[in-house]
Amino acid sequence: MRMFGFVLALVAGLFAAAKAEASIVVRVDKSSQTMRVVVDGEHRFTWAVSTGRVGYNTPNGSYRPQRLERNWRSRKYGMAPMPHSIFFRGGYAIHGTNMVGRLGRVDSHGCIRLAPGNARTLFEMVARQRGATRIVIEGVSPRQTAPAVASRRGPARVAAAPARATQMRLPATGTVRAAHPAGSSRVVTPQSGARAAYAAPRGSYIQPAARAADPNRFFTDWFLRR
């Protein structure tokens with residue numbers, strides 16, 4: 001009878017121990033940047049987290065809490081506050097952060113950040129059942145978009161194509177038009193008047209270019225009539 005009672009107590013103890021070993025599961029998914037907390041097989045919480053950014057990966061795997069620190073500061077990163085830290089692998093920990101606006105995306109140096117209230121809730125749960133907690137980290141961190149870098153060169157300039165129809169300009173002083181049989185007109189300047197007259201076809205008339213006013217015109221006429 002005593003032997004039967006001893007065996008029954010041993011089986012009950014083993015069952016309780018097995019149940020205690022799976023009582024708290026903290027599952028972190030880096031792909032979605034979320035944490036799910038399961039207590040005795042029942043899903044209790046889903047929280048946004050921040051895991052390691054590029055160059056500071058959060059290691060995947062299954063871990064047990066190694067030590068708990070209610071108030072901790074990072075000596076490696078300028079004494080940055082890490083409240084309610086649950087260390088699971090060396091310097092890697094789950095802890096609270098005051099940068100709550102960055103939760104839901106990769107941002108940390110490898111730790112798992114939580115909102116301060118959520119970090120405190122998880123810390124108290126794990127402190128009560130430290131040996132019955134398992135931390136599972138899985139998934140792949142989403143790629144970060146490289147910041148846009150402004151080019152030192154200005155925007156490329158594209159030469160505008162010349163318009164087919166340009167605005168008409170008035171001819172310069174002393175410019176005349178020579179009539180051609182085809183009905184077209186040709187601009188003739190005083191310098192090119194002789195050449196235009198030579199090249200014009202027969203039957204066409206080229207108006208001579210107006211000469212500039214000569215202040216000694218009367219003297220010149222008198223001198224030629226002598």
# chains A, B, ... in the order shown; residues from 1 in each chain; ligands from 1
>>> select_by_dssp(residues="range 13-149 of chain A", states="strand (DSSP E)", output="ChimeraX atom specification")
/A:24-29,34-39,42-48,61-63,67-69,73-74,80-81,85-89,92-96,112-114,133-138
>>> closest_atom_pairs(of="range 63-88 of chain A", to="range 26-37 of chain A", cutoff="12 Å", atoms="only C-alpha atoms", output="Markdown table")
| residue | atom | partner | partner_atom | distance |
| --- | --- | --- | --- | --- |
| A:Tyr63 | CA | A:Val26 | CA | 9.7 |
| A:Arg64 | CA | A:Val26 | CA | 10.0 |
| A:Pro65 | CA | A:Val26 | CA | 10.6 |
| A:Ile86 | CA | A:Val26 | CA | 11.4 |
| A:Phe88 | CA | A:Val26 | CA | 11.4 |
>>> residues_around(residues="range 95-101 of chain A", least_positions_apart="5", cutoff="6 Å", atoms="only C-alpha atoms", output="number ranges by chain")
A: 82-85, 113-116, 119
>>> closest_residue(among="A:His109, A:Arg120, A:Arg75, A:Arg89", to="Ile137 in chain A", atoms="only C-alpha atoms")
A:Arg89
>>> closest_residue(among="A:Tyr56, A:Ile112, A:Pro81, A:Arg102", to="Val136 in chain A", atoms="only C-alpha atoms")
A:Ile112
>>> closest_residue(among="A:Gln66, A:Thr121, A:Asn71, A:Thr58", to="Ser108 in chain A", atoms="only C-alpha atoms")
A:Thr58
>>> atom_distance(atom1="CA of Ser62 in chain A", atom2="CA of Gly78 in chain A")
29.0 Å
>>> decode(residues="range 67-127 of chain A", atoms="C-alpha atoms", output="mmCIF file, in the first residue's frame")
data_model
loop_
_atom_site.group_PDB
_atom_site.id
_atom_site.type_symbol
_atom_site.label_atom_id
_atom_site.label_comp_id
_atom_site.auth_asym_id
_atom_site.auth_seq_id
_atom_site.Cartn_x
_atom_site.Cartn_y
_atom_site.Cartn_z
ATOM 1 C CA ARG A 67 19.508 36.346 -14.747
ATOM 2 C CA LEU A 68 16.972 39.068 -14.015
ATOM 3 C CA GLU A 69 17.838 42.724 -13.359
ATOM 4 C CA ARG A 70 15.068 45.098 -12.356
ATOM 5 C CA ASN A 71 17.158 48.234 -12.975
ATOM 6 C CA TRP A 72 20.057 47.839 -15.370
ATOM 7 C CA ARG A 73 22.137 50.134 -17.556
ATOM 8 C CA SER A 74 24.233 49.177 -20.549
ATOM 9 C CA ARG A 75 27.919 49.844 -19.924
ATOM 10 C CA LYS A 76 28.645 49.045 -23.555
ATOM 11 C CA TYR A 77 26.256 51.652 -24.971
ATOM 12 C CA GLY A 78 26.742 54.755 -22.853
ATOM 13 C CA MET A 79 24.869 53.580 -19.732
ATOM 14 C CA ALA A 80 21.597 53.391 -21.674
ATOM 15 C CA PRO A 81 18.707 52.336 -19.378
ATOM 16 C CA MET A 82 17.470 48.732 -19.671
ATOM 17 C CA PRO A 83 14.635 48.428 -17.116
ATOM 18 C CA HIS A 84 13.269 44.985 -16.225
ATOM 19 C CA SER A 85 15.974 43.080 -18.074
ATOM 20 C CA ILE A 86 15.672 39.330 -18.604
ATOM 21 C CA PHE A 87 19.085 38.125 -19.818
ATOM 22 C CA PHE A 88 18.914 34.928 -21.853
ATOM 23 C CA ARG A 89 22.305 34.731 -23.594
ATOM 24 C CA GLY A 90 25.345 36.658 -22.381
ATOM 25 C CA GLY A 91 24.607 40.353 -22.879
ATOM 26 C CA TYR A 92 21.389 39.737 -24.832
ATOM 27 C CA ALA A 93 18.238 40.558 -22.887
ATOM 28 C CA ILE A 94 14.555 41.344 -23.090
ATOM 29 C CA HIS A 95 14.034 44.773 -21.539
ATOM 30 C CA GLY A 96 11.931 47.925 -21.562
ATOM 31 C CA THR A 97 12.686 50.977 -23.681
ATOM 32 C CA ASN A 98 11.650 54.610 -23.782
ATOM 33 C CA MET A 99 11.788 54.612 -27.603
ATOM 34 C CA VAL A 100 8.305 53.182 -27.964
ATOM 35 C CA GLY A 101 7.764 54.946 -31.294
ATOM 36 C CA ARG A 102 10.288 52.576 -32.880
ATOM 37 C CA LEU A 103 8.654 49.368 -31.686
ATOM 38 C CA GLY A 104 7.439 47.104 -34.465
ATOM 39 C CA ARG A 105 10.622 47.445 -36.517
ATOM 40 C CA VAL A 106 14.281 46.467 -36.186
ATOM 41 C CA ASP A 107 16.158 49.067 -34.166
ATOM 42 C CA SER A 108 18.176 47.618 -31.254
ATOM 43 C CA HIS A 109 21.780 46.514 -30.813
ATOM 44 C CA GLY A 110 20.649 42.895 -30.535
ATOM 45 C CA CYS A 111 18.419 42.956 -27.446
ATOM 46 C CA ILE A 112 14.640 42.590 -27.569
ATOM 47 C CA ARG A 113 12.919 45.837 -26.641
ATOM 48 C CA LEU A 114 9.455 46.117 -25.144
ATOM 49 C CA ALA A 115 7.238 48.966 -24.029
ATOM 50 C CA PRO A 116 7.998 49.748 -20.350
ATOM 51 C CA GLY A 117 4.651 48.447 -19.052
ATOM 52 C CA ASN A 118 4.869 45.220 -21.037
ATOM 53 C CA ALA A 119 8.462 44.636 -19.935
ATOM 54 C CA ARG A 120 7.409 45.014 -16.287
ATOM 55 C CA THR A 121 4.509 42.560 -16.722
ATOM 56 C CA LEU A 122 6.761 39.942 -18.329
ATOM 57 C CA PHE A 123 9.481 40.468 -15.744
ATOM 58 C CA GLU A 124 7.068 39.777 -12.871
ATOM 59 C CA MET A 125 5.740 36.645 -14.577
ATOM 60 C CA VAL A 126 9.207 35.224 -15.216
ATOM 61 C CA ALA A 127 10.414 36.161 -11.710
#
